[in-house]
>>> print(open('data.tsv').read())   # TSV, C-alpha atoms (C1' of nucleotides)
chain	number	residue	atom	x	y	z
E	27	MET	CA	4.56	-9.19	34.70
E	28	GLY	CA	7.55	-10.31	32.74
E	29	HIS	CA	7.86	-8.20	29.67
E	30	LYS	CA	10.46	-7.16	27.14
E	31	TYR	CA	8.36	-4.41	25.61
E	32	THR	CA	5.52	-2.40	27.06
E	33	LYS	CA	2.84	-0.97	24.85
E	34	ASN	CA	4.48	2.42	25.00
E	35	GLU	CA	7.83	1.09	23.93
E	36	ILE	CA	6.26	-0.58	20.93
E	37	LEU	CA	4.46	2.64	20.07
E	38	GLU	CA	7.77	4.42	20.37
E	39	GLY	CA	9.32	1.96	17.98
E	40	ALA	CA	6.41	2.38	15.60
E	41	LEU	CA	6.93	6.14	15.59
E	42	ALA	CA	10.57	5.69	14.74
E	43	ALA	CA	9.81	3.10	12.08
E	44	ALA	CA	7.16	5.26	10.47
E	45	GLY	CA	9.54	8.20	10.50
E	46	ASP	CA	12.22	6.15	8.79
E	47	GLU	CA	10.24	4.23	6.23
E	48	GLY	CA	6.91	5.98	5.94
E	49	LEU	CA	3.44	4.99	7.06
E	50	SER	CA	2.86	2.72	4.12
E	51	ARG	CA	5.77	0.56	5.19
E	52	LEU	CA	4.57	0.30	8.76
E	53	THR	CA	3.37	-3.29	9.02
E	54	PHE	CA	3.16	-5.81	11.82
E	55	GLY	CA	5.82	-7.94	10.25
E	56	ARG	CA	8.32	-5.21	9.47
E	57	LEU	CA	7.93	-3.56	12.85
E	58	ALA	CA	8.37	-6.88	14.63
E	59	THR	CA	11.54	-7.62	12.71
E	60	ARG	CA	12.86	-4.13	13.39
E	61	LEU	CA	12.28	-4.50	17.13
E	62	GLY	CA	13.47	-8.09	17.21
E	63	ILE	CA	10.22	-9.43	18.61
E	64	SER	CA	7.36	-11.58	17.44
E	65	ASP	CA	4.65	-9.89	15.42
E	66	ARG	CA	2.10	-11.40	17.76
E	67	VAL	CA	3.18	-9.20	20.64
E	68	ILE	CA	2.29	-6.20	18.54
E	69	VAL	CA	-1.07	-7.66	17.66
E	70	TYR	CA	-1.52	-8.41	21.34
E	71	TYR	CA	-1.30	-4.71	22.18
E	72	PHE	CA	-2.76	-3.29	18.97
E	73	PRO	CA	-5.49	-5.68	17.92
E	74	SER	CA	-5.80	-4.18	14.45
E	75	LYS	CA	-3.68	-2.23	12.06
E	76	ASP	CA	-6.07	0.68	12.32
E	77	ASP	CA	-5.46	0.79	16.06
E	78	LEU	CA	-1.74	0.99	15.49
E	79	ILE	CA	-1.98	3.69	12.86
E	80	SER	CA	-4.43	5.77	14.86
E	81	GLN	CA	-2.27	5.72	17.93
E	82	VAL	CA	0.88	6.48	15.99
E	83	LEU	CA	-0.70	9.54	14.40
E	84	LEU	CA	-2.23	10.69	17.65
E	85	ALA	CA	1.05	10.31	19.50
E	86	MET	CA	2.77	12.22	16.74
E	87	GLY	CA	0.30	15.08	17.06
E	88	THR	CA	0.64	15.24	20.82
E	89	ARG	CA	4.40	15.22	20.67
E	90	LEU	CA	4.42	18.07	18.19
E	91	GLN	CA	2.11	20.10	20.40
E	92	GLU	CA	4.47	19.61	23.32
E	93	THR	CA	7.41	20.85	21.29
E	94	LEU	CA	5.61	23.87	19.94
E	95	GLY	CA	3.63	24.65	23.08
E	96	ALA	CA	6.82	25.29	25.01
E	97	ALA	CA	7.73	28.09	22.60
E	98	PHE	CA	4.38	29.83	22.60
E	99	ALA	CA	4.17	31.85	25.76
E	100	GLY	CA	1.46	34.45	25.51
E	101	PRO	CA	-1.21	35.26	22.91
E	102	VAL	CA	-0.08	37.08	19.78
E	103	ALA	CA	-1.94	39.24	17.34
E	104	ASP	CA	-1.80	37.38	14.03
E	105	HIS	CA	-0.56	34.41	12.04
E	106	VAL	CA	2.65	36.16	10.96
E	107	GLU	CA	3.81	36.56	14.53
E	108	LEU	CA	2.89	32.99	15.32
E	109	LEU	CA	4.64	31.64	12.26
E	110	THR	CA	7.75	33.65	12.96
E	111	ALA	CA	7.94	32.05	16.39
E	112	ALA	CA	7.15	28.57	15.10
E	113	TRP	CA	9.34	28.52	12.00
E	114	PRO	CA	12.66	27.70	13.69
E	115	LEU	CA	11.01	24.85	15.56
E	116	VAL	CA	9.49	23.17	12.53
E	117	THR	CA	12.58	23.33	10.36
E	118	THR	CA	14.71	20.82	12.21
E	119	PRO	CA	15.52	17.30	11.03
E	120	ASP	CA	13.31	15.86	13.78
E	121	ALA	CA	10.38	18.00	12.75
E	122	ASP	CA	10.98	17.11	9.11
E	123	ALA	CA	10.42	13.44	9.89
E	124	VAL	CA	7.23	14.22	11.77
E	125	PHE	CA	5.85	16.36	8.98
E	126	ALA	CA	6.76	13.82	6.33
E	127	LEU	CA	4.52	11.44	8.25
E	128	PHE	CA	1.72	13.94	8.47
E	129	PHE	CA	1.89	14.70	4.79
E	130	GLU	CA	1.68	11.03	4.00
E	131	ALA	CA	-1.34	10.68	6.26
E	132	ASN	CA	-2.86	13.83	4.79
E	133	GLY	CA	-2.44	12.48	1.29
E	134	LEU	CA	-4.07	9.20	2.12
E	135	ALA	CA	-6.83	11.08	3.91
E	136	ALA	CA	-7.34	13.41	0.94
E	137	SER	CA	-7.90	10.40	-1.28
E	138	GLY	CA	-10.55	9.17	1.09
E	139	ARG	CA	-8.88	6.14	2.63
E	140	GLU	CA	-9.96	5.03	6.04
E	141	PRO	CA	-8.91	5.16	8.78
E	142	TYR	CA	-6.72	8.04	7.64
E	143	ARG	CA	-9.63	10.21	6.64
E	144	SER	CA	-11.34	10.25	10.00
E	145	ILE	CA	-8.17	10.42	12.08
E	146	VAL	CA	-6.64	13.25	10.09
E	147	SER	CA	-9.93	15.11	10.05
E	148	THR	CA	-10.09	14.93	13.84
E	149	LEU	CA	-6.46	15.91	14.10
E	150	VAL	CA	-6.89	18.96	11.90
E	151	ASP	CA	-9.85	20.19	13.93
E	152	LEU	CA	-7.85	19.76	17.10
E	153	TRP	CA	-4.96	21.69	15.62
E	154	ILE	CA	-7.08	24.60	14.49
E	155	GLN	CA	-8.57	24.83	17.94
E	156	TRP	CA	-5.22	24.45	19.64
E	157	VAL	CA	-3.49	27.07	17.50
E	158	SER	CA	-6.32	29.52	18.10
E	159	THR	CA	-5.61	29.45	21.84
E	160	PHE	CA	-2.40	31.35	21.17
E	161	LEU	CA	-4.17	34.15	19.35
E	162	ASP	CA	-5.98	37.32	20.31
E	163	GLY	CA	-9.44	38.41	19.30
E	164	THR	CA	-12.95	37.05	19.13
E	165	ALA	CA	-13.59	33.36	18.63
E	166	ASP	CA	-14.26	33.89	14.93
E	167	GLU	CA	-11.18	36.01	14.43
E	168	ARG	CA	-9.01	33.51	16.19
E	169	ARG	CA	-10.37	30.63	14.16
E	170	VAL	CA	-9.69	32.35	10.85
E	171	GLU	CA	-6.25	33.35	11.98
E	172	ALA	CA	-5.53	29.78	13.04
E	173	GLU	CA	-6.73	28.44	9.70
E	174	ALA	CA	-4.46	30.87	7.88
E	175	THR	CA	-1.56	29.89	10.12
E	176	ILE	CA	-2.03	26.23	9.37
E	177	ALA	CA	-2.43	26.78	5.66
E	178	MET	CA	0.78	28.74	5.49
E	179	ILE	CA	2.82	26.40	7.62
E	180	ASP	CA	1.62	23.40	5.65
E	181	GLY	CA	2.40	25.07	2.36
E	182	LEU	CA	5.86	26.13	3.42
E	183	LEU	CA	6.73	22.79	4.93
E	184	LEU	CA	5.45	20.91	1.90
E	185	LEU	CA	7.66	23.10	-0.24
E	186	ARG	CA	10.49	22.31	2.13
E	187	GLN	CA	9.96	18.59	1.73
E	188	LEU	CA	9.65	18.70	-2.03
E	189	ALA	CA	11.88	21.55	-3.20
E	190	GLY	CA	14.35	21.66	-0.35
E	191	PRO	CA	15.09	23.84	2.70
E	192	ASP	CA	16.53	26.68	0.63
E	193	ALA	CA	13.40	27.15	-1.44
E	194	ALA	CA	11.26	27.06	1.70
E	195	GLU	CA	13.48	29.57	3.44
E	196	ARG	CA	13.30	31.98	0.50
E	197	ALA	CA	9.53	31.67	0.34
E	198	ALA	CA	9.21	32.13	4.10
E	199	VAL	CA	11.22	35.34	3.97
E	200	ARG	CA	9.21	36.59	1.01
E	201	LEU	CA	6.00	35.95	2.95
E	202	GLY	CA	7.20	37.97	5.91
E	203	ILE	CA	8.33	35.15	8.18
E	204	ALA	CA	11.77	34.77	9.73
N	29	MET	CA	-4.45	-2.95	-35.78
N	30	GLY	CA	-7.54	-4.21	-34.07
N	31	HIS	CA	-7.85	-2.64	-30.70
N	32	LYS	CA	-10.44	-1.91	-28.08
N	33	TYR	CA	-8.29	0.44	-26.06
N	34	THR	CA	-5.35	2.52	-27.11
N	35	LYS	CA	-2.63	3.41	-24.66
N	36	ASN	CA	-4.10	6.86	-24.25
N	37	GLU	CA	-7.53	5.52	-23.45
N	38	ILE	CA	-6.09	3.29	-20.77
N	39	LEU	CA	-4.16	6.22	-19.37
N	40	GLU	CA	-7.38	8.20	-19.37
N	41	GLY	CA	-9.08	5.44	-17.45
N	42	ALA	CA	-6.19	5.31	-15.03
N	43	LEU	CA	-6.54	9.03	-14.36
N	44	ALA	CA	-10.21	8.62	-13.62
N	45	ALA	CA	-9.61	5.58	-11.44
N	46	ALA	CA	-6.87	7.31	-9.47
N	47	GLY	CA	-9.12	10.31	-9.00
N	48	ASP	CA	-11.92	8.15	-7.69
N	49	GLU	CA	-10.07	5.72	-5.49
N	50	GLY	CA	-6.66	7.22	-4.89
N	51	LEU	CA	-3.23	6.28	-6.14
N	52	SER	CA	-2.80	3.51	-3.62
N	53	ARG	CA	-5.80	1.73	-5.05
N	54	LEU	CA	-4.58	2.01	-8.60
N	55	THR	CA	-3.57	-1.55	-9.46
N	56	PHE	CA	-3.43	-3.54	-12.66
N	57	GLY	CA	-6.22	-5.79	-11.51
N	58	ARG	CA	-8.57	-3.09	-10.29
N	59	LEU	CA	-8.06	-0.92	-13.33
N	60	ALA	CA	-8.64	-3.85	-15.67
N	61	THR	CA	-11.88	-4.75	-13.93
N	62	ARG	CA	-12.98	-1.14	-14.01
N	63	LEU	CA	-12.36	-0.89	-17.77
N	64	GLY	CA	-13.74	-4.33	-18.47
N	65	ILE	CA	-10.54	-5.60	-20.04
N	66	SER	CA	-7.82	-8.06	-19.23
N	67	ASP	CA	-5.07	-6.89	-16.92
N	68	ARG	CA	-2.55	-8.10	-19.45
N	69	VAL	CA	-3.46	-5.39	-21.92
N	70	ILE	CA	-2.46	-2.85	-19.33
N	71	VAL	CA	0.80	-4.62	-18.68
N	72	TYR	CA	1.27	-4.74	-22.43
N	73	TYR	CA	1.25	-0.95	-22.64
N	74	PHE	CA	2.72	-0.19	-19.22
N	75	PRO	CA	5.31	-2.87	-18.56
N	76	SER	CA	5.65	-1.98	-14.89
N	77	LYS	CA	3.59	-0.33	-12.22
N	78	ASP	CA	6.13	2.46	-11.97
N	79	ASP	CA	5.57	3.22	-15.65
N	80	LEU	CA	1.87	3.52	-15.08
N	81	ILE	CA	2.20	5.73	-12.03
N	82	SER	CA	4.77	7.98	-13.63
N	83	GLN	CA	2.66	8.57	-16.68
N	84	VAL	CA	-0.48	9.14	-14.65
N	85	LEU	CA	1.21	11.80	-12.56
N	86	LEU	CA	2.84	13.42	-15.56
N	87	ALA	CA	-0.44	13.52	-17.46
N	88	MET	CA	-2.11	15.00	-14.43
N	89	GLY	CA	0.47	17.77	-14.25
N	90	THR	CA	0.18	18.58	-17.93
N	91	ARG	CA	-3.56	18.69	-17.79
N	92	LEU	CA	-3.51	21.08	-14.86
N	93	GLN	CA	-1.13	23.37	-16.68
N	94	GLU	CA	-3.47	23.47	-19.64
N	95	THR	CA	-6.38	24.46	-17.43
N	96	LEU	CA	-4.46	27.14	-15.58
N	97	GLY	CA	-2.45	28.38	-18.53
N	98	ALA	CA	-5.60	29.45	-20.32
N	99	ALA	CA	-6.43	31.83	-17.48
N	100	PHE	CA	-3.00	33.39	-17.16
N	101	ALA	CA	-2.71	35.94	-19.95
N	102	GLY	CA	0.11	38.35	-19.26
N	103	PRO	CA	2.78	38.58	-16.57
N	104	VAL	CA	1.72	39.90	-13.17
N	105	ALA	CA	3.69	41.52	-10.39
N	106	ASP	CA	3.43	39.15	-7.47
N	107	HIS	CA	2.06	35.92	-6.01
N	108	VAL	CA	-1.05	37.58	-4.63
N	109	GLU	CA	-2.19	38.63	-8.08
N	110	LEU	CA	-1.43	35.22	-9.48
N	111	LEU	CA	-3.24	33.44	-6.67
N	112	THR	CA	-6.25	35.66	-7.01
N	113	ALA	CA	-6.51	34.68	-10.65
N	114	ALA	CA	-5.85	31.00	-9.98
N	115	TRP	CA	-8.05	30.53	-6.94
N	116	PRO	CA	-11.40	30.15	-8.73
N	117	LEU	CA	-9.86	27.58	-11.07
N	118	VAL	CA	-8.43	25.35	-8.38
N	119	THR	CA	-11.52	25.28	-6.20
N	120	THR	CA	-13.75	23.22	-8.47
N	121	PRO	CA	-14.70	19.58	-7.90
N	122	ASP	CA	-12.54	18.54	-10.85
N	123	ALA	CA	-9.53	20.35	-9.49
N	124	ASP	CA	-10.21	18.87	-6.06
N	125	ALA	CA	-9.77	15.38	-7.45
N	126	VAL	CA	-6.54	16.34	-9.17
N	127	PHE	CA	-5.10	17.89	-6.07
N	128	ALA	CA	-6.12	14.98	-3.90
N	129	LEU	CA	-3.98	12.86	-6.19
N	130	PHE	CA	-1.07	15.24	-5.99
N	131	PHE	CA	-1.23	15.35	-2.23
N	132	GLU	CA	-1.19	11.62	-2.08
N	133	ALA	CA	1.83	11.53	-4.37
N	134	ASN	CA	3.47	14.30	-2.38
N	135	GLY	CA	2.98	12.40	0.84
N	136	LEU	CA	4.48	9.24	-0.55
N	137	ALA	CA	7.32	11.29	-2.00
N	138	ALA	CA	7.92	13.03	1.32
N	139	SER	CA	8.33	9.66	2.99
N	140	GLY	CA	10.95	8.75	0.46
N	141	ARG	CA	9.16	6.12	-1.60
N	142	GLU	CA	10.20	5.54	-5.14
N	143	PRO	CA	9.17	6.19	-7.81
N	144	TYR	CA	7.10	8.94	-6.19
N	145	ARG	CA	10.08	10.78	-4.83
N	146	SER	CA	11.83	11.31	-8.13
N	147	ILE	CA	8.69	11.99	-10.15
N	148	VAL	CA	7.27	14.50	-7.72
N	149	SER	CA	10.63	16.18	-7.34
N	150	THR	CA	10.80	16.64	-11.11
N	151	LEU	CA	7.23	17.81	-11.21
N	152	VAL	CA	7.75	20.43	-8.52
N	153	ASP	CA	10.77	21.85	-10.30
N	154	LEU	CA	8.78	22.05	-13.51
N	155	TRP	CA	5.96	23.82	-11.73
N	156	ILE	CA	8.20	26.41	-10.12
N	157	GLN	CA	9.72	27.16	-13.48
N	158	TRP	CA	6.36	27.22	-15.21
N	159	VAL	CA	4.73	29.51	-12.66
N	160	SER	CA	7.66	31.89	-12.83
N	161	THR	CA	6.95	32.51	-16.53
N	162	PHE	CA	3.83	34.39	-15.53
N	163	LEU	CA	5.69	36.77	-13.26
N	164	ASP	CA	7.63	39.98	-13.67
N	165	GLY	CA	11.14	40.75	-12.50
N	166	THR	CA	14.59	39.23	-12.58
N	167	ALA	CA	15.06	35.48	-12.72
N	168	ASP	CA	15.75	35.33	-8.98
N	169	GLU	CA	12.77	37.47	-8.11
N	170	ARG	CA	10.50	35.39	-10.28
N	171	ARG	CA	11.72	32.15	-8.78
N	172	VAL	CA	11.12	33.31	-5.21
N	173	GLU	CA	7.71	34.63	-6.15
N	174	ALA	CA	6.86	31.33	-7.79
N	175	GLU	CA	7.98	29.38	-4.74
N	176	ALA	CA	5.81	31.57	-2.53
N	177	THR	CA	2.88	31.10	-4.90
N	178	ILE	CA	3.20	27.34	-4.79
N	179	ALA	CA	3.61	27.23	-1.04
N	180	MET	CA	0.47	29.27	-0.52
N	181	ILE	CA	-1.65	27.42	-3.01
N	182	ASP	CA	-0.59	24.07	-1.59
N	183	GLY	CA	-1.30	25.19	1.93
N	184	LEU	CA	-4.71	26.56	1.09
N	185	LEU	CA	-5.71	23.55	-0.97
N	186	LEU	CA	-4.51	21.14	1.69
N	187	LEU	CA	-6.64	23.02	4.19
N	188	ARG	CA	-9.50	22.76	1.72
N	189	GLN	CA	-9.14	19.02	1.48
N	190	LEU	CA	-8.84	18.47	5.21
N	191	ALA	CA	-10.95	21.16	6.84
N	192	GLY	CA	-13.40	21.87	4.05
N	193	PRO	CA	-14.03	24.58	1.45
N	194	ASP	CA	-15.36	27.08	3.97
N	195	ALA	CA	-12.23	27.04	6.08
N	196	ALA	CA	-10.07	27.40	2.97
N	197	GLU	CA	-12.18	30.29	1.70
N	198	ARG	CA	-11.91	32.14	4.99
N	199	ALA	CA	-8.16	31.63	5.09
N	200	ALA	CA	-7.81	32.73	1.46
N	201	VAL	CA	-9.68	35.94	2.16
N	202	ARG	CA	-7.62	36.58	5.26
N	203	LEU	CA	-4.44	36.16	3.24
N	204	GLY	CA	-5.56	38.70	0.67
N	205	ILE	CA	-6.81	36.35	-2.03
N	206	ALA	CA	-10.27	36.41	-3.58
S	16	DC	C1'	-4.25	-13.45	-48.20
S	17	DA	C1'	-0.44	-12.51	-45.30
S	18	DA	C1'	1.70	-9.98	-41.80
S	19	DG	C1'	1.80	-7.79	-37.63
S	20	DG	C1'	0.00	-5.43	-33.91
S	21	DT	C1'	-3.48	-6.26	-30.29
S	22	DT	C1'	-6.41	-8.94	-26.97
S	23	DT	C1'	-7.73	-12.76	-24.40
S	24	DG	C1'	-7.78	-17.60	-22.22
S	25	DT	C1'	-5.63	-20.23	-19.18
S	26	DA	C1'	-2.70	-20.80	-15.69
S	27	DG	C1'	0.35	-19.70	-12.90
S	28	DT	C1'	4.56	-17.63	-9.33
S	29	DG	C1'	6.28	-15.76	-5.26
S	30	DA	C1'	5.83	-12.19	-2.14
S	31	DA	C1'	3.65	-9.33	1.38
S	32	DC	C1'	-0.06	-8.52	4.07
S	33	DA	C1'	-3.56	-8.58	8.20
S	34	DC	C1'	-5.01	-11.61	11.14
S	35	DT	C1'	-6.06	-16.21	13.72
S	36	DA	C1'	-5.61	-20.47	16.77
S	37	DC	C1'	-3.55	-22.73	20.39
S	38	DA	C1'	-0.44	-24.42	23.54
S	39	DA	C1'	3.66	-23.77	25.90
S	40	DA	C1'	6.95	-21.16	28.34
S	41	DC	C1'	8.38	-17.27	30.96
S	42	DC	C1'	8.44	-14.33	35.02
S	43	DG	C1'	7.31	-11.12	38.62
S	44	DT	C1'	4.12	-10.59	42.34
S	45	DA	C1'	0.84	-11.72	45.85
O	22	DT	C1'	3.78	-21.73	45.06
O	23	DA	C1'	0.00	-20.28	42.44
O	24	DC	C1'	-1.83	-16.67	39.55
O	25	DG	C1'	-1.99	-13.77	35.71
O	26	DG	C1'	-0.10	-10.96	32.45
O	27	DT	C1'	3.29	-11.46	28.76
O	28	DT	C1'	5.99	-13.68	24.96
O	29	DT	C1'	7.04	-17.07	21.77
O	30	DG	C1'	6.75	-21.45	18.74
O	31	DT	C1'	4.42	-23.37	15.32
O	32	DA	C1'	1.43	-23.22	11.88
O	33	DG	C1'	-1.68	-21.62	9.51
O	34	DT	C1'	-5.86	-18.66	6.54
O	35	DG	C1'	-7.38	-15.97	2.76
O	36	DT	C1'	-6.49	-11.87	0.15
O	37	DT	C1'	-4.16	-8.78	-2.86
O	38	DC	C1'	-0.49	-7.72	-5.46
O	39	DA	C1'	3.01	-7.26	-9.51
O	40	DC	C1'	4.38	-9.83	-12.91
O	41	DT	C1'	5.22	-14.01	-16.18
O	42	DA	C1'	4.60	-17.70	-19.93
O	43	DC	C1'	2.50	-19.13	-23.92
O	44	DA	C1'	-0.60	-20.10	-27.40
O	45	DA	C1'	-4.64	-18.91	-29.63
O	46	DA	C1'	-7.81	-15.71	-31.56
O	47	DC	C1'	-8.86	-11.34	-33.44
O	48	DC	C1'	-8.72	-7.59	-36.69
O	49	DT	C1'	-6.91	-4.03	-39.71
O	50	DT	C1'	-3.85	-2.73	-43.22
O	51	DG	C1'	-0.81	-3.48	-47.11
>>> encode(input="data.tsv", output="structure tokens")
Amino acid sequence: MGHKYTKNEILEGALAAAGDEGLSRLTFGRLATRLGISDRVIVYYFPSKDDLISQVLLAMGTRLQETLGAAFAGPVADHVELLTAAWPLVTTPDADAVFALFFEANGLAASGREPYRSIVSTLVDLWIQWVSTFLDGTADERRVEAEATIAMIDGLLLLRQLAGPDAAERAAVRLGIA
Amino acid sequence: MGHKYTKNEILEGALAAAGDEGLSRLTFGRLATRLGISDRVIVYYFPSKDDLISQVLLAMGTRLQETLGAAFAGPVADHVELLTAAWPLVTTPDADAVFALFFEANGLAASGREPYRSIVSTLVDLWIQWVSTFLDGTADERRVEAEATIAMIDGLLLLRQLAGPDAAERAAVRLGIA
DNA sequence: CAAGGTTTGTAGTGAACACTACAAACCGTA
DNA sequence: TACGGTTTGTAGTGTTCACTACAAACCTTG
């Protein structure tokens, strides 16, 4: 099978493109130009734009879990411990690009646009469940603790994106992290 | 001056439209149809799309300050006190619509798109400064406390938008609010 | 009434977008 | 070599979008 780009390589390129220019600038045409291929190869692998976006966001989520999962060894007691461990990993330039993407998707989801709404909703549920596996306690306790963890990390990282790393660092310290 | 719509009335309509359909669906054509007027009246008052968006976001910020400002009487000691007072006011259907808009703008800003980036950046600075006027302490202390306040409220409200009011309420309680 | 600010009618432009149709070429493998 | 998966050439479709040009009508105030 003679090929220049496999599906995965195109997805890879889409991740990079979305990181650079944002989700709203991720189009068949722009991505094709960026990769130096015909837009019809992309359509060949991703029959609709929704397919492309869904898979980009899903891949992004999986990749982030791999990064973070490596750092979370055993179960910890509460969200502060978890955040303290996670904070250095989510404040790198690479992570910044990933979270910029997520915030864009979150915003579009919050305003009700499909397919963002359903994808992000699924993603958030997965994350709550995933984070709770690193926590101690009953199922209910772990869920609440995971929700608090996600709220705090989102808030701090949003502050980081909008007010800068220094502001986020100060706030993190004030809230008992790092 | 014979007029059907003043600039302010159009801005009002734009706020409502953005709340209903999201910023990305706020276009001259759609707004004109929604208001039952010609799109050229809108262009007449808002010569470019960036003008319209900027003023919508600015108006949204001002309006939110008016709502919250009424509830904040005197200075309080820390972000927990402030959040406890603010929480009931930001968890109403009206506030939900406003914050959905802000999250959409934040997301577009995070991915670097103009004019969102510069407007939101200005807005965030204004908010940090504004929130700090309700706090006690030195200038530095108040700034950090304001940053923490904003991080937490953003995180909790984002969770509210994406995982639902119940999840946000649980997390808020766990974090010492409400 | 005259002037001037406002609104619409009519008619566009050029760009970006998602997506389609079809035939040809390419290329590794069986 | 024949097959089948892949890639491109060529050429579209229909939609939405921001924005423009211009003249006419409208309407309120001075």
>>> residues_around(input="data.tsv", residues="DT31 in chain O", least_positions_apart="6", cutoff="12 Å", atoms="only C-alpha atoms (C1' of nucleotides)", output="ChimeraX atom specification")
/S:36-39
>>> closest_atom_pairs(input="data.tsv", of="chain S", to="chain E", cutoff="8 Å", atoms="only C-alpha atoms (C1' of nucleotides)", output="CSV")
residue,atom,partner,partner_atom,distance
S:DC32,C1',E:Thr53,CA,8.0
S:DA33,C1',E:Lys75,CA,7.4
S:DC41,C1',E:Gly28,CA,7.2
S:DC42,C1',E:Gly28,CA,4.7
S:DG43,C1',E:Met27,CA,5.2
S:DT44,C1',E:Met27,CA,7.8
>>> write_last_selection(input="data.tsv", atoms="C-alpha atoms (C1' of nucleotides)", output="compact mmCIF listing (two decimals), in the frame of the given file")
# COMPACT_ATOMS: atom_id res chain seq x y z
C1' DC S 32 -0.06 -8.52 4.07
C1' DA S 33 -3.56 -8.58 8.20
C1' DC S 41 8.38 -17.27 30.96
C1' DC S 42 8.44 -14.33 35.02
C1' DG S 43 7.31 -11.12 38.62
C1' DT S 44 4.12 -10.59 42.34
>>> residues_near_point(input="data.tsv", point="(-4.7, 15.3, -0.4)", cutoff="7 Å", atoms="all atoms listed in the file", output="ChimeraX atom specification")
/E:132-137 /N:127-132,186,189
>>> closest_atom_pairs(input="data.tsv", of="chain S", to="range 35-49 of chain O", cutoff="10 Å", atoms="only C-alpha atoms (C1' of nucleotides)", output="JSON lines")
{"residue": "S:DG19", "atom": "C1'", "partner": "O:DT49", "partner_atom": "C1'", "distance": 9.7}
{"residue": "S:DG20", "atom": "C1'", "partner": "O:DT49", "partner_atom": "C1'", "distance": 9.1}
{"residue": "S:DT21", "atom": "C1'", "partner": "O:DC47", "partner_atom": "C1'", "distance": 8.0}
{"residue": "S:DT22", "atom": "C1'", "partner": "O:DC47", "partner_atom": "C1'", "distance": 7.3}
{"residue": "S:DT23", "atom": "C1'", "partner": "O:DA46", "partner_atom": "C1'", "distance": 7.7}
{"residue": "S:DG24", "atom": "C1'", "partner": "O:DA45", "partner_atom": "C1'", "distance": 8.2}
{"residue": "S:DT25", "atom": "C1'", "partner": "O:DC43", "partner_atom": "C1'", "distance": 9.5}
{"residue": "S:DA26", "atom": "C1'", "partner": "O:DA42", "partner_atom": "C1'", "distance": 9.0}
{"residue": "S:DG27", "atom": "C1'", "partner": "O:DT41", "partner_atom": "C1'", "distance": 8.2}
{"residue": "S:DT28", "atom": "C1'", "partner": "O:DT41", "partner_atom": "C1'", "distance": 7.8}
{"residue": "S:DG29", "atom": "C1'", "partner": "O:DC40", "partner_atom": "C1'", "distance": 9.9}
{"residue": "S:DA30", "atom": "C1'", "partner": "O:DC38", "partner_atom": "C1'", "distance": 8.4}
{"residue": "S:DA31", "atom": "C1'", "partner": "O:DC38", "partner_atom": "C1'", "distance": 8.2}
{"residue": "S:DC32", "atom": "C1'", "partner": "O:DT37", "partner_atom": "C1'", "distance": 8.1}
{"residue": "S:DA33", "atom": "C1'", "partner": "O:DT36", "partner_atom": "C1'", "distance": 9.2}
{"residue": "S:DC34", "atom": "C1'", "partner": "O:DG35", "partner_atom": "C1'", "distance": 9.7}
>>> write_last_selection(input="data.tsv", atoms="C-alpha atoms (C1' of nucleotides)", output="compact mmCIF listing (two decimals), in the frame of the given file")
# COMPACT_ATOMS: atom_id res chain seq x y z
C1' DG S 19 1.80 -7.79 -37.63
C1' DG S 20 0.00 -5.43 -33.91
C1' DT S 21 -3.48 -6.26 -30.29
C1' DT S 22 -6.41 -8.94 -26.97
C1' DT S 23 -7.73 -12.76 -24.40
C1' DG S 24 -7.78 -17.60 -22.22
C1' DT S 25 -5.63 -20.23 -19.18
C1' DA S 26 -2.70 -20.80 -15.69
C1' DG S 27 0.35 -19.70 -12.90
C1' DT S 28 4.56 -17.63 -9.33
C1' DG S 29 6.28 -15.76 -5.26
C1' DA S 30 5.83 -12.19 -2.14
C1' DA S 31 3.65 -9.33 1.38
C1' DC S 32 -0.06 -8.52 4.07
C1' DA S 33 -3.56 -8.58 8.20
C1' DC S 34 -5.01 -11.61 11.14
>>> axis_aligned_box(input="data.tsv", around="range 30-41 of chain N", padding_each_side="5 Å", output="JSON")
{"center_x": -6.5, "center_y": 2.0, "center_z": -25.8, "size_x": 17.8, "size_y": 22.4, "size_z": 26.6}
>>> atom_distance(input="data.tsv", atom1="CA of Ser52 in chain N", atom2="CA of Ser144 in chain E")
17.4 Å
>>> interface_residues(input="data.tsv", of="chain E", to="chain N", cutoff="8 Å", atoms="all atoms listed in the file", output="PyMOL selection string")
chain E and resi 45-49+126-139+146-147+150-151+170-171+173-174+176-182+184-185+187-189+193-194+196-198+200-201
>>> atom_distance(input="data.tsv", atom1="CA of Ile63 in chain E", atom2="CA of Ile79 in chain E")
18.8 Å
